[in-house]
2 protein chains.
Amino acid sequence: MQLILLSGGSGKSLWPLSNDARSKQFLSLLEAPDGGSESMICRIERQIRKSGLDCDITIATNIAQRDPILSQLGGRVDIVTEPERRDTFPAIALTAEWLRLVKGCPLDETIAIMPCDPYTEEGYFDVIAAMAESVGNGAAELVLMGITPRYDSTSFGYIVPQEGKADDNGMLHVTRFVEKPSAQSAHDLISEGAFWNGGVFVIKLGTLCSYVWEYVKEDSFDKLRARYCDLPKISFDYEVVEKAENLGVIPFDGLWEDLGTWNALSKRLQSQVIGDVIMGRNVRHATVVNELEMPVMCEGVRDIVVAASPDGILVCGKDQSDRIKDYVAGLKRRPMYEERRWGTYRVLNYQKYPDGFEELTKTITLNPGCCISYQVHHHRSEVWTVTNGRGIFILDGVAREVGRGDVLDIKVGQLHAIKAQDSHLTFIEVQAGAPLVEEDIERFDWPEV
Amino acid sequence: MQLILLSGGSGKSLWPLSNDARSKQFLSLLEAPDGGSESMICRIERQIRKSGLDCDITIATNIAQRDPILSQLGGRVDIVTEPERRDTFPAIALTAEWLRLVKGCPLDETIAIMPCDPYTEEGYFDVIAAMAESVGNGAAELVLMGITPRYDSTSFGYIVPQEGKADDNGMLHVTRFVEKPSAQSAHDLISEGAFWNGGVFVIKLGTLCSYVWEYVKEDSFDKLRARYCDLPKISFDYEVVEKAENLGVIPFDGLWEDLGTWNALSKRLQSQVIGDVIMGRNVRHATVVNELEMPVMCEGVRDIVVAASPDGILVCGKDQSDRIKDYVAGLKRRPMYEERRWGTYRVLNYQKYPDGFEELTKTITLNPGCCISYQVHHHRSEVWTVTNGRGIFILDGVAREVGRGDVLDIKVGQLHAIKAQDSHLTFIEVQAGAPLVEEDIERFDWPEV
């Protein structure tokens with residue numbers, strides 16, 4: 001079986017810890033089995049490996065998430081990135097064609113598709129195994145997971161099964177779907193035995209590809225990827241699920257939560273107090289997550305979330321935490337913290353002067369053996385002060401070993417690169433110039449020196 | 001008349017905006033007459049000048065407050081600093097002797113002594129003028145200001161006047177003092193006509209000095225200052241007020257507030273929202289003061305204070321804000337922002353590695369024409385990147401003009417200094433070495449170059 005994990009999300013709902021470069025599934029805030037912390041995507045990957053599902057994992061995502069996925073899951077998964085953001089159908093279509101054309105999977109291979117961020121338990125993966133069996137034995141063309149509803153939700157889609165008994169594999173046939181019903185309809189649907197649609201699907205690769213071929217069919221993945229824009233901007237539910245002929249659903253009755261707000265996440269955190277926090281004696285039901293170097297002090301408050309990161313500070317009543325995404329949409333600020341394939345950086349200071357001159361100070365940490373590409377900037381100088389580790393620094397083709405206290409003065413137009421040796425390499429970078437834009441960079445191959 | 005303003009305070013109660021280097025009286029948060037903001041000490045100096053009191057101002061303070069006072073009040077006041085922190089009697093004694101020995105004030109000069117941080121109004125200074133008249137005409141040896149009590153406070157001292165009518169100048173004679181009574185006693189005292197002791201005293205210089213001479217008498221201020229430790233560690237109230245023979249009190253019935261907690265200060269702020277703040281629609285009675293470059297977002301909270309500075313972040317119910325000083329006492333962290341005579345600095349990052357190596361990154365702004373002394377460090381290197389303004393930089397005796405984008409690489413043991421030219425000069429400083437301690441500095445005279 002091949003498993004496609006969908007990793008998307010805009011990073012607004014868990015601001016300021018999540019941002020456009022760090023969606024919620026990458027936040028290391030959940031309790032790991034060893035007592036440490038892990039992210040949602042690490043948790044689900046760990047659960048899949050432990051479940052006994054015999055599958056490879058391919059993550060369908062966008063380019064901004066490639067680096068954090070590599071950093072967190074390394075080479076344990078494949079990654080297929082969309083050339084532009086469209087919708088779930090094109091993203092899944094692209095990944096299916098990658099499985100066929102690049103990985104060489106046969107058309108009768110079973111494919112499971114699921115989101116990367118549900119907070120769930122072992123039984124969830126047992127249901128996926130049963131779904132795969134139903135598709136394998138031809139009981140249905142496409143099998144969905146039906147989550148047992150906990151309340152009259154108006155924000156989920158509902159799956160209505162046929163009346164009657166489930167087959168030996170626990171599968172029911174599906175009669176219809178209802179998207180985000182009113183509260184009254186939701187109540188009636190649940191009385192009828194309807195399930196929430198958890199976004200988990202199992203289908204044969206050939207069946208899936210036949211939906212793609214209605215729009216595009218190419219004999220190489222590169223050609224197909226170049227025609228990505230020919231795939232309609234539509235969800236997988238509308239394009240595939242609602243058109244499929246013989247649909248099954250297998251219920252899942254266990255733990256299943258969307259940790260998409262601070263209120264929901266706070267109940268599953270490794271600890272209610274993370275980071276440098278001073279809690280007063282008159283604090284009740286507060287969750288405080290502090291990623292900054294400075295202390296957060298709380299006193300005389302209750303039922304609130306306080307979250308602080310280099311992007312900003314949130315102080316929010318827990319029952320109002322679903323509202324913050326609306327305000328975050330209005331923020332026009334570069335991410336102040338990013339996880340990249342080579343390591344991480346954090347912005348310490350940024351100043352733009354009235355005449356356009358800018359200064360940006362960062363602390364940068366390269367993972368062992370990793371490097372920043374050989375590059376040149378045409379409008380800014382940079383000064384790096386190495387504060388920890390050892391590395392190889394190249395300036396205009398001349399390499400030298402550098403370490404603590406070394407000052408690397410890089411003028412406008414000078415080619416430069418750096419590579420960490422066998423431990424982390426940390427340095428402070430001060431950029432100065434105008435304009436300080438992402439595009440002021442030309443990249444070259446790592447030189448022979 | 002000579003006016004002694006007492007400026008002390010440990011900076012804990014308005015954390016994180018106040019710290020050991022920036023006591024509450026220096027925070028520019030109150031509304032100024034021009035609609036801008038001003039600090040408590042600027043407000044009181046402005047009020048004294050406007051009151052018509054014909055007086056010079058001398059500020060009795062400690063060395064840590066000398067730079068912020070110079071920065072905020074410039075040459076408009078004299079400053080006398082204690083060699084070590086003792087109590088209000090020695091601090092006032094030292095200043096009185098400075099007035100006598102350095103400024104040359106005659107012994108029959110009238111001295112008014114007052115704290116620098118009450119939030120008050122015009123009438124307060126009219127009462128000081130009346131107090132000076134009572135001392136001048138010999139009606140009393142020492143006259144106090146009696147604040148009309150607003151409630152049964154258990155945290156003030158009370159002044160109990162003799163029964164009977166005030167004299168033509170509004171003065172009553174004093175029978176006794178009660179320090180911090182119980183609530184019941186406070187209630188009874190107020191019924192008897194007692195006043196709060198506002199810490200404002202008027203006395204003749206000669207009378208004041210006679211109390212000093214009981215411990216120390218010298219013919220030069222330097223000699224006296226060298227014997228500061230011979231003055232008892234005791235408050236002015238205990239040493240002078242409670243011993244004086246003929247005591248008067250003149251009541252003040254106007255606006256008089258101690259803005260010593262966030263709750264009290266919040267009512268007098270220039271604005272309830274200061275800095276980069278996003279307020280949600282469901283926020284009520286919140287005060288948010290944000291000195292950081294990053295945004296603070298609030299939603300679904302009420303009756304709280306949020307304050308953020310480079311020293312930390314406070315989230316506090318307004319009715320509990322008197323409790324935070326207890327927690328702040330436990331913080332062991334260097335001030336991250338300081339106002340110095342030559343300008344300001346803010347710490348951007350600090351890291352200490354397990355083997356003792358440290359890194360400290362700051363942004364530093366020199367006021368026009370101001371300089372950092374010619375100095376050398378024996379355990380750290382520094383790299384400065386100039387981001388705004390122009391200056392003269394001296395390295396091992398060689399001077400040069402520097403400006404934007406210039407990188408100044410200062411190795412361990414190199415003598416260096418910098419002076420701003422006719423505008424502000426800003427640079428990023430990265431320190432690296434071990435140990436990074438305040439004492440790793442030798443200062444020299446500005447060289448002839």
# chains A, B, ... in the order shown; residues from 1 in each chain; ligands from 1

$ closest_atom_pairs --of "chain A" --to "chain B" --cutoff "6 Å" --atoms "only C-alpha atoms" --output "Markdown table"
| residue | atom | partner | partner_atom | distance |
| --- | --- | --- | --- | --- |
| A:Met294 | CA | B:Gly312 | CA | 4.9 |
| A:Pro295 | CA | B:Gly312 | CA | 4.9 |
| A:Val296 | CA | B:Ile313 | CA | 4.6 |
| A:Met297 | CA | B:Leu314 | CA | 4.9 |
| A:Cys298 | CA | B:Val315 | CA | 4.8 |
| A:Glu299 | CA | B:Cys316 | CA | 4.8 |
| A:Gly300 | CA | B:Gly317 | CA | 4.5 |
| A:Val301 | CA | B:Gly317 | CA | 5.5 |
| A:Gly312 | CA | B:Pro295 | CA | 4.9 |
| A:Ile313 | CA | B:Val296 | CA | 4.6 |
| A:Leu314 | CA | B:Met297 | CA | 4.9 |
| A:Val315 | CA | B:Cys298 | CA | 4.9 |
| A:Cys316 | CA | B:Glu299 | CA | 4.8 |
| A:Gly317 | CA | B:Gly300 | CA | 4.5 |
| A:Gln320 | CA | B:Gly300 | CA | 5.5 |
| A:Leu348 | CA | B:Leu348 | CA | 5.7 |
| A:Gly405 | CA | B:Ala432 | CA | 5.8 |
| A:Ala432 | CA | B:Gly405 | CA | 5.8 |

$ residues_around --residues "segment 89-98 of chain B" --least-positions-apart "5" --cutoff "8 Å" --atoms "only C-alpha atoms" --output "ChimeraX atom specification"
/B:4,58,60-61,80,82,103,205,208-209,212,221,224-225,228,231-237,239-240

$ select_by_dssp --residues "segment 125-163 of chain A" --states "helix (DSSP H, G or I)" --output "number ranges by chain"
A: 125-136

$ residues_around --residues "Gln272 of chain A" --least-positions-apart "5" --cutoff "9 Å" --atoms "only C-alpha atoms" --output "count of residues only"
7

$ residues_around --residues "Ser51 of chain B" --least-positions-apart "4" --cutoff "8 Å" --atoms "only C-alpha atoms" --output "number ranges by chain"
B: 47, 122, 125-126

$ write_last_selection --atoms "all heavy atoms" --output "compact mmCIF listing (two decimals), in the first residue's frame"
# COMPACT_ATOMS: atom_id res chain seq x y z
N GLN B 47 5.93 70.67 36.28
CA GLN B 47 4.96 71.27 37.18
C GLN B 47 5.62 72.25 38.16
O GLN B 47 5.06 73.30 38.46
CB GLN B 47 4.22 70.17 37.96
CG GLN B 47 3.24 69.38 37.10
CD GLN B 47 2.54 68.29 37.91
OE1 GLN B 47 3.18 67.54 38.64
NE2 GLN B 47 1.23 68.21 37.76
N GLU B 122 -1.54 71.26 40.34
CA GLU B 122 -1.04 72.59 40.69
C GLU B 122 -1.09 72.92 42.20
O GLU B 122 -0.12 73.41 42.77
CB GLU B 122 -1.90 73.61 39.95
CG GLU B 122 -1.14 74.73 39.31
CD GLU B 122 -2.12 75.61 38.51
OE1 GLU B 122 -2.54 75.16 37.42
OE2 GLU B 122 -2.45 76.70 39.00
N PHE B 125 1.73 72.36 44.71
CA PHE B 125 2.88 73.27 44.78
C PHE B 125 2.51 74.55 45.53
O PHE B 125 3.35 75.15 46.19
CB PHE B 125 3.41 73.53 43.37
CG PHE B 125 3.78 72.24 42.69
CD1 PHE B 125 2.89 71.59 41.85
CD2 PHE B 125 4.99 71.62 42.96
CE1 PHE B 125 3.20 70.37 41.27
CE2 PHE B 125 5.31 70.39 42.40
CZ PHE B 125 4.42 69.77 41.55
N ASP B 126 1.23 74.94 45.50
CA ASP B 126 0.76 76.06 46.32
C ASP B 126 0.93 75.72 47.79
O ASP B 126 1.31 76.57 48.61
CB ASP B 126 -0.71 76.36 46.02
CG ASP B 126 -0.93 76.82 44.58
OD1 ASP B 126 0.04 77.29 43.96
OD2 ASP B 126 -2.07 76.69 44.08

$ atom_distance --atom1 "atom CA of Glu439 of chain A" --atom2 "atom CA of Lys332 of chain A"
18.1 Å

$ atom_distance --atom1 "atom CA of Tyr238 of chain A" --atom2 "atom CA of Gly9 of chain A"
19.2 Å

$ select_by_dssp --residues "segment 200-421 of chain A" --states "strand (DSSP E)" --output "PyMOL selection string"
chain A and resi 200-204+247-252+256-258+273-274+277-279+287-290+296-299+304-309+312-317+337-340+343-352+358-366+371-376+380-388+391-395+398-402+407-410+416-420

$ residues_around --residues "Leu172 of chain B" --least-positions-apart "6" --cutoff "10 Å" --atoms "only C-alpha atoms" --output "PyMOL selection string"
chain B and resi 139-140+143-144+146+160-166+247-251

$ write_last_selection --atoms "N, CA and C atoms" --output "PDB file, in the first residue's frame"
ATOM      1  N   ALA B 139       6.741  79.807  62.287  1.00  0.00           N
ATOM      2  CA  ALA B 139       5.575  79.159  62.885  1.00  0.00           C
ATOM      3  C   ALA B 139       5.883  77.713  63.267  1.00  0.00           C
ATOM      4  N   ALA B 140       6.827  77.101  62.548  1.00  0.00           N
ATOM      5  CA  ALA B 140       7.238  75.731  62.889  1.00  0.00           C
ATOM      6  C   ALA B 140       8.673  75.522  62.427  1.00  0.00           C
ATOM      7  N   VAL B 143       7.759  71.669  58.606  1.00  0.00           N
ATOM      8  CA  VAL B 143       6.348  71.593  58.206  1.00  0.00           C
ATOM      9  C   VAL B 143       6.171  70.449  57.213  1.00  0.00           C
ATOM     10  N   LEU B 144       5.134  69.670  57.427  1.00  0.00           N
ATOM     11  CA  LEU B 144       4.840  68.520  56.547  1.00  0.00           C
ATOM     12  C   LEU B 144       3.599  68.813  55.722  1.00  0.00           C
ATOM     13  N   GLY B 146       0.077  67.324  54.635  1.00  0.00           N
ATOM     14  CA  GLY B 146      -0.885  66.296  55.045  1.00  0.00           C
ATOM     15  C   GLY B 146      -1.881  66.063  53.915  1.00  0.00           C
ATOM     16  N   VAL B 160      -1.223  63.087  62.837  1.00  0.00           N
ATOM     17  CA  VAL B 160      -2.382  63.505  63.644  1.00  0.00           C
ATOM     18  C   VAL B 160      -2.170  64.949  64.114  1.00  0.00           C
ATOM     19  N   PRO B 161      -3.023  65.892  63.687  1.00  0.00           N
ATOM     20  CA  PRO B 161      -2.851  67.287  64.088  1.00  0.00           C
ATOM     21  C   PRO B 161      -3.480  67.550  65.457  1.00  0.00           C
ATOM     22  N   GLN B 162      -3.034  68.656  66.065  1.00  0.00           N
ATOM     23  CA  GLN B 162      -3.702  69.104  67.295  1.00  0.00           C
ATOM     24  C   GLN B 162      -5.120  69.544  66.947  1.00  0.00           C
ATOM     25  N   GLU B 163      -6.009  69.420  67.921  1.00  0.00           N
ATOM     26  CA  GLU B 163      -7.342  69.959  67.684  1.00  0.00           C
ATOM     27  C   GLU B 163      -7.273  71.472  67.605  1.00  0.00           C
ATOM     28  N   GLY B 164      -8.241  72.052  66.932  1.00  0.00           N
ATOM     29  CA  GLY B 164      -8.275  73.519  66.865  1.00  0.00           C
ATOM     30  C   GLY B 164      -8.210  73.984  65.427  1.00  0.00           C
ATOM     31  N   LYS B 165      -8.172  75.282  65.254  1.00  0.00           N
ATOM     32  CA  LYS B 165      -8.227  75.878  63.934  1.00  0.00           C
ATOM     33  C   LYS B 165      -6.833  76.070  63.367  1.00  0.00           C
ATOM     34  N   ALA B 166      -6.725  75.996  62.060  1.00  0.00           N
ATOM     35  CA  ALA B 166      -5.447  76.263  61.406  1.00  0.00           C
ATOM     36  C   ALA B 166      -5.103  77.737  61.517  1.00  0.00           C
ATOM     37  N   LEU B 247       6.468  70.974  65.155  1.00  0.00           N
ATOM     38  CA  LEU B 247       6.089  70.444  63.849  1.00  0.00           C
ATOM     39  C   LEU B 247       4.748  70.978  63.392  1.00  0.00           C
ATOM     40  N   GLY B 248       4.694  71.377  62.109  1.00  0.00           N
ATOM     41  CA  GLY B 248       3.417  71.806  61.552  1.00  0.00           C
ATOM     42  C   GLY B 248       3.002  70.930  60.389  1.00  0.00           C
ATOM     43  N   VAL B 249       1.703  71.003  60.063  1.00  0.00           N
ATOM     44  CA  VAL B 249       1.223  70.279  58.880  1.00  0.00           C
ATOM     45  C   VAL B 249       0.246  71.191  58.138  1.00  0.00           C
ATOM     46  N   ILE B 250       0.384  71.228  56.808  1.00  0.00           N
ATOM     47  CA  ILE B 250      -0.582  71.978  56.001  1.00  0.00           C
ATOM     48  C   ILE B 250      -1.272  70.977  55.078  1.00  0.00           C
ATOM     49  N   PRO B 251      -2.599  70.938  55.122  1.00  0.00           N
ATOM     50  CA  PRO B 251      -3.323  69.926  54.349  1.00  0.00           C
ATOM     51  C   PRO B 251      -3.321  70.201  52.844  1.00  0.00           C
TER      52      PRO B 251
END

$ residues_around --residues "Leu27 of chain A" --least-positions-apart "2" --cutoff "10 Å" --atoms "only C-alpha atoms" --output "ChimeraX atom specification"
/A:14,17-18,22-25,29-30,37-42

$ residues_around --residues "Lys180 of chain B" --least-positions-apart "3" --cutoff "10 Å" --atoms "only C-alpha atoms" --output "list in words"
Ser153, Thr154, Ser155, Phe156, Gly157, Tyr158, Phe177, Ala183, Ser185, Ala186 and Trp196 of chain B

$ closest_residue --among "A:Arg150, A:Val77, A:Arg443, A:His424" --to "Phe252 of chain A" --atoms "only C-alpha atoms"
A:Arg150

$ closest_residue --among "B:Val202, B:Ser71, B:Lys243, B:Ser134" --to "Cys370 of chain B" --atoms "only C-alpha atoms"
B:Ser71

$ decode --residues "segment 258-286 of chain B" --atoms "N, CA, C and O atoms" --output "PDB file, in the first residue's frame"
ATOM      1  N   ASP B 258      -0.264  57.580  43.838  1.00  0.00           N
ATOM      2  CA  ASP B 258       0.998  56.862  43.719  1.00  0.00           C
ATOM      3  C   ASP B 258       0.813  55.886  42.558  1.00  0.00           C
ATOM      4  O   ASP B 258       0.050  54.936  42.675  1.00  0.00           O
ATOM      5  N   LEU B 259       1.486  56.171  41.448  1.00  0.00           N
ATOM      6  CA  LEU B 259       1.304  55.288  40.284  1.00  0.00           C
ATOM      7  C   LEU B 259       2.277  54.112  40.378  1.00  0.00           C
ATOM      8  O   LEU B 259       3.044  53.834  39.464  1.00  0.00           O
ATOM      9  N   GLY B 260       2.237  53.426  41.497  1.00  0.00           N
ATOM     10  CA  GLY B 260       3.247  52.416  41.800  1.00  0.00           C
ATOM     11  C   GLY B 260       2.852  51.006  41.392  1.00  0.00           C
ATOM     12  O   GLY B 260       3.607  50.069  41.600  1.00  0.00           O
ATOM     13  N   THR B 261       1.643  50.837  40.852  1.00  0.00           N
ATOM     14  CA  THR B 261       1.256  49.515  40.331  1.00  0.00           C
ATOM     15  C   THR B 261       0.712  49.724  38.926  1.00  0.00           C
ATOM     16  O   THR B 261       0.321  50.840  38.549  1.00  0.00           O
ATOM     17  N   TRP B 262       0.654  48.654  38.159  1.00  0.00           N
ATOM     18  CA  TRP B 262       0.094  48.746  36.807  1.00  0.00           C
ATOM     19  C   TRP B 262      -1.365  49.184  36.843  1.00  0.00           C
ATOM     20  O   TRP B 262      -1.828  49.920  35.984  1.00  0.00           O
ATOM     21  N   ASN B 263      -2.083  48.743  37.873  1.00  0.00           N
ATOM     22  CA  ASN B 263      -3.484  49.130  37.967  1.00  0.00           C
ATOM     23  C   ASN B 263      -3.617  50.648  38.121  1.00  0.00           C
ATOM     24  O   ASN B 263      -4.387  51.297  37.410  1.00  0.00           O
ATOM     25  N   ALA B 264      -2.821  51.225  39.048  1.00  0.00           N
ATOM     26  CA  ALA B 264      -2.876  52.677  39.258  1.00  0.00           C
ATOM     27  C   ALA B 264      -2.376  53.419  38.020  1.00  0.00           C
ATOM     28  O   ALA B 264      -2.995  54.381  37.562  1.00  0.00           O
ATOM     29  N   LEU B 265      -1.262  52.956  37.469  1.00  0.00           N
ATOM     30  CA  LEU B 265      -0.685  53.641  36.309  1.00  0.00           C
ATOM     31  C   LEU B 265      -1.637  53.601  35.116  1.00  0.00           C
ATOM     32  O   LEU B 265      -1.757  54.562  34.361  1.00  0.00           O
ATOM     33  N   SER B 266      -2.344  52.477  34.961  1.00  0.00           N
ATOM     34  CA  SER B 266      -3.176  52.316  33.757  1.00  0.00           C
ATOM     35  C   SER B 266      -4.224  53.419  33.640  1.00  0.00           C
ATOM     36  O   SER B 266      -4.583  53.817  32.541  1.00  0.00           O
ATOM     37  N   LYS B 267      -4.662  53.945  34.772  1.00  0.00           N
ATOM     38  CA  LYS B 267      -5.694  55.004  34.743  1.00  0.00           C
ATOM     39  C   LYS B 267      -5.154  56.343  34.277  1.00  0.00           C
ATOM     40  O   LYS B 267      -5.922  57.255  33.979  1.00  0.00           O
ATOM     41  N   ARG B 268      -3.831  56.501  34.288  1.00  0.00           N
ATOM     42  CA  ARG B 268      -3.223  57.790  33.931  1.00  0.00           C
ATOM     43  C   ARG B 268      -2.369  57.716  32.682  1.00  0.00           C
ATOM     44  O   ARG B 268      -1.609  58.646  32.394  1.00  0.00           O
ATOM     45  N   LEU B 269      -2.438  56.619  31.966  1.00  0.00           N
ATOM     46  CA  LEU B 269      -1.612  56.483  30.764  1.00  0.00           C
ATOM     47  C   LEU B 269      -2.086  57.430  29.672  1.00  0.00           C
ATOM     48  O   LEU B 269      -3.265  57.747  29.580  1.00  0.00           O
ATOM     49  N   GLN B 270      -1.133  57.782  28.838  1.00  0.00           N
ATOM     50  CA  GLN B 270      -1.449  58.607  27.677  1.00  0.00           C
ATOM     51  C   GLN B 270      -2.498  57.905  26.812  1.00  0.00           C
ATOM     52  O   GLN B 270      -3.362  58.536  26.219  1.00  0.00           O
ATOM     53  N   SER B 271      -2.435  56.580  26.757  1.00  0.00           N
ATOM     54  CA  SER B 271      -3.392  55.809  25.963  1.00  0.00           C
ATOM     55  C   SER B 271      -3.468  54.405  26.552  1.00  0.00           C
ATOM     56  O   SER B 271      -2.506  53.917  27.141  1.00  0.00           O
ATOM     57  N   GLN B 272      -4.610  53.743  26.415  1.00  0.00           N
ATOM     58  CA  GLN B 272      -4.755  52.379  26.938  1.00  0.00           C
ATOM     59  C   GLN B 272      -4.031  51.364  26.050  1.00  0.00           C
ATOM     60  O   GLN B 272      -3.865  50.201  26.438  1.00  0.00           O
ATOM     61  N   VAL B 273      -3.659  51.811  24.868  1.00  0.00           N
ATOM     62  CA  VAL B 273      -2.961  50.922  23.932  1.00  0.00           C
ATOM     63  C   VAL B 273      -1.744  51.683  23.412  1.00  0.00           C
ATOM     64  O   VAL B 273      -1.889  52.706  22.749  1.00  0.00           O
ATOM     65  N   ILE B 274      -0.568  51.208  23.772  1.00  0.00           N
ATOM     66  CA  ILE B 274       0.666  51.882  23.352  1.00  0.00           C
ATOM     67  C   ILE B 274       1.536  50.853  22.636  1.00  0.00           C
ATOM     68  O   ILE B 274       1.778  49.771  23.161  1.00  0.00           O
ATOM     69  N   GLY B 275       1.975  51.201  21.423  1.00  0.00           N
ATOM     70  CA  GLY B 275       2.852  50.306  20.660  1.00  0.00           C
ATOM     71  C   GLY B 275       2.069  49.497  19.638  1.00  0.00           C
ATOM     72  O   GLY B 275       0.916  49.798  19.329  1.00  0.00           O
ATOM     73  N   ASP B 276       2.720  48.462  19.127  1.00  0.00           N
ATOM     74  CA  ASP B 276       2.159  47.627  18.061  1.00  0.00           C
ATOM     75  C   ASP B 276       1.205  46.603  18.683  1.00  0.00           C
ATOM     76  O   ASP B 276       1.635  45.578  19.197  1.00  0.00           O
ATOM     77  N   VAL B 277      -0.085  46.909  18.671  1.00  0.00           N
ATOM     78  CA  VAL B 277      -1.083  46.094  19.375  1.00  0.00           C
ATOM     79  C   VAL B 277      -2.289  45.869  18.466  1.00  0.00           C
ATOM     80  O   VAL B 277      -2.752  46.796  17.810  1.00  0.00           O
ATOM     81  N   ILE B 278      -2.770  44.637  18.405  1.00  0.00           N
ATOM     82  CA  ILE B 278      -4.016  44.328  17.700  1.00  0.00           C
ATOM     83  C   ILE B 278      -5.044  43.949  18.754  1.00  0.00           C
ATOM     84  O   ILE B 278      -4.875  42.958  19.462  1.00  0.00           O
ATOM     85  N   MET B 279      -6.102  44.764  18.867  1.00  0.00           N
ATOM     86  CA  MET B 279      -7.126  44.503  19.869  1.00  0.00           C
ATOM     87  C   MET B 279      -8.320  43.848  19.189  1.00  0.00           C
ATOM     88  O   MET B 279      -8.879  44.407  18.246  1.00  0.00           O
ATOM     89  N   GLY B 280      -8.721  42.675  19.671  1.00  0.00           N
ATOM     90  CA  GLY B 280      -9.901  41.996  19.143  1.00  0.00           C
ATOM     91  C   GLY B 280     -11.177  42.707  19.568  1.00  0.00           C
ATOM     92  O   GLY B 280     -11.153  43.607  20.412  1.00  0.00           O
ATOM     93  N   ARG B 281     -12.271  42.257  18.983  1.00  0.00           N
ATOM     94  CA  ARG B 281     -13.549  42.928  19.268  1.00  0.00           C
ATOM     95  C   ARG B 281     -14.092  42.572  20.646  1.00  0.00           C
ATOM     96  O   ARG B 281     -14.932  43.286  21.175  1.00  0.00           O
ATOM     97  N   ASN B 282     -13.619  41.474  21.244  1.00  0.00           N
ATOM     98  CA  ASN B 282     -14.141  41.067  22.545  1.00  0.00           C
ATOM     99  C   ASN B 282     -13.133  41.314  23.658  1.00  0.00           C
ATOM    100  O   ASN B 282     -12.868  40.435  24.478  1.00  0.00           O
ATOM    101  N   VAL B 283     -12.558  42.483  23.667  1.00  0.00           N
ATOM    102  CA  VAL B 283     -11.641  42.872  24.740  1.00  0.00           C
ATOM    103  C   VAL B 283     -12.287  44.031  25.492  1.00  0.00           C
ATOM    104  O   VAL B 283     -12.795  44.968  24.874  1.00  0.00           O
ATOM    105  N   ARG B 284     -12.284  43.939  26.832  1.00  0.00           N
ATOM    106  CA  ARG B 284     -12.889  45.011  27.641  1.00  0.00           C
ATOM    107  C   ARG B 284     -11.911  45.424  28.739  1.00  0.00           C
ATOM    108  O   ARG B 284     -11.370  44.567  29.427  1.00  0.00           O
ATOM    109  N   HIS B 285     -11.756  46.730  28.917  1.00  0.00           N
ATOM    110  CA  HIS B 285     -10.960  47.276  30.020  1.00  0.00           C
ATOM    111  C   HIS B 285      -9.560  46.692  30.069  1.00  0.00           C
ATOM    112  O   HIS B 285      -9.060  46.322  31.136  1.00  0.00           O
ATOM    113  N   ALA B 286      -8.916  46.580  28.925  1.00  0.00           N
ATOM    114  CA  ALA B 286      -7.550  46.073  28.895  1.00  0.00           C
ATOM    115  C   ALA B 286      -6.591  47.238  28.647  1.00  0.00           C
ATOM    116  O   ALA B 286      -6.916  48.177  27.931  1.00  0.00           O
TER     117      ALA B 286
END
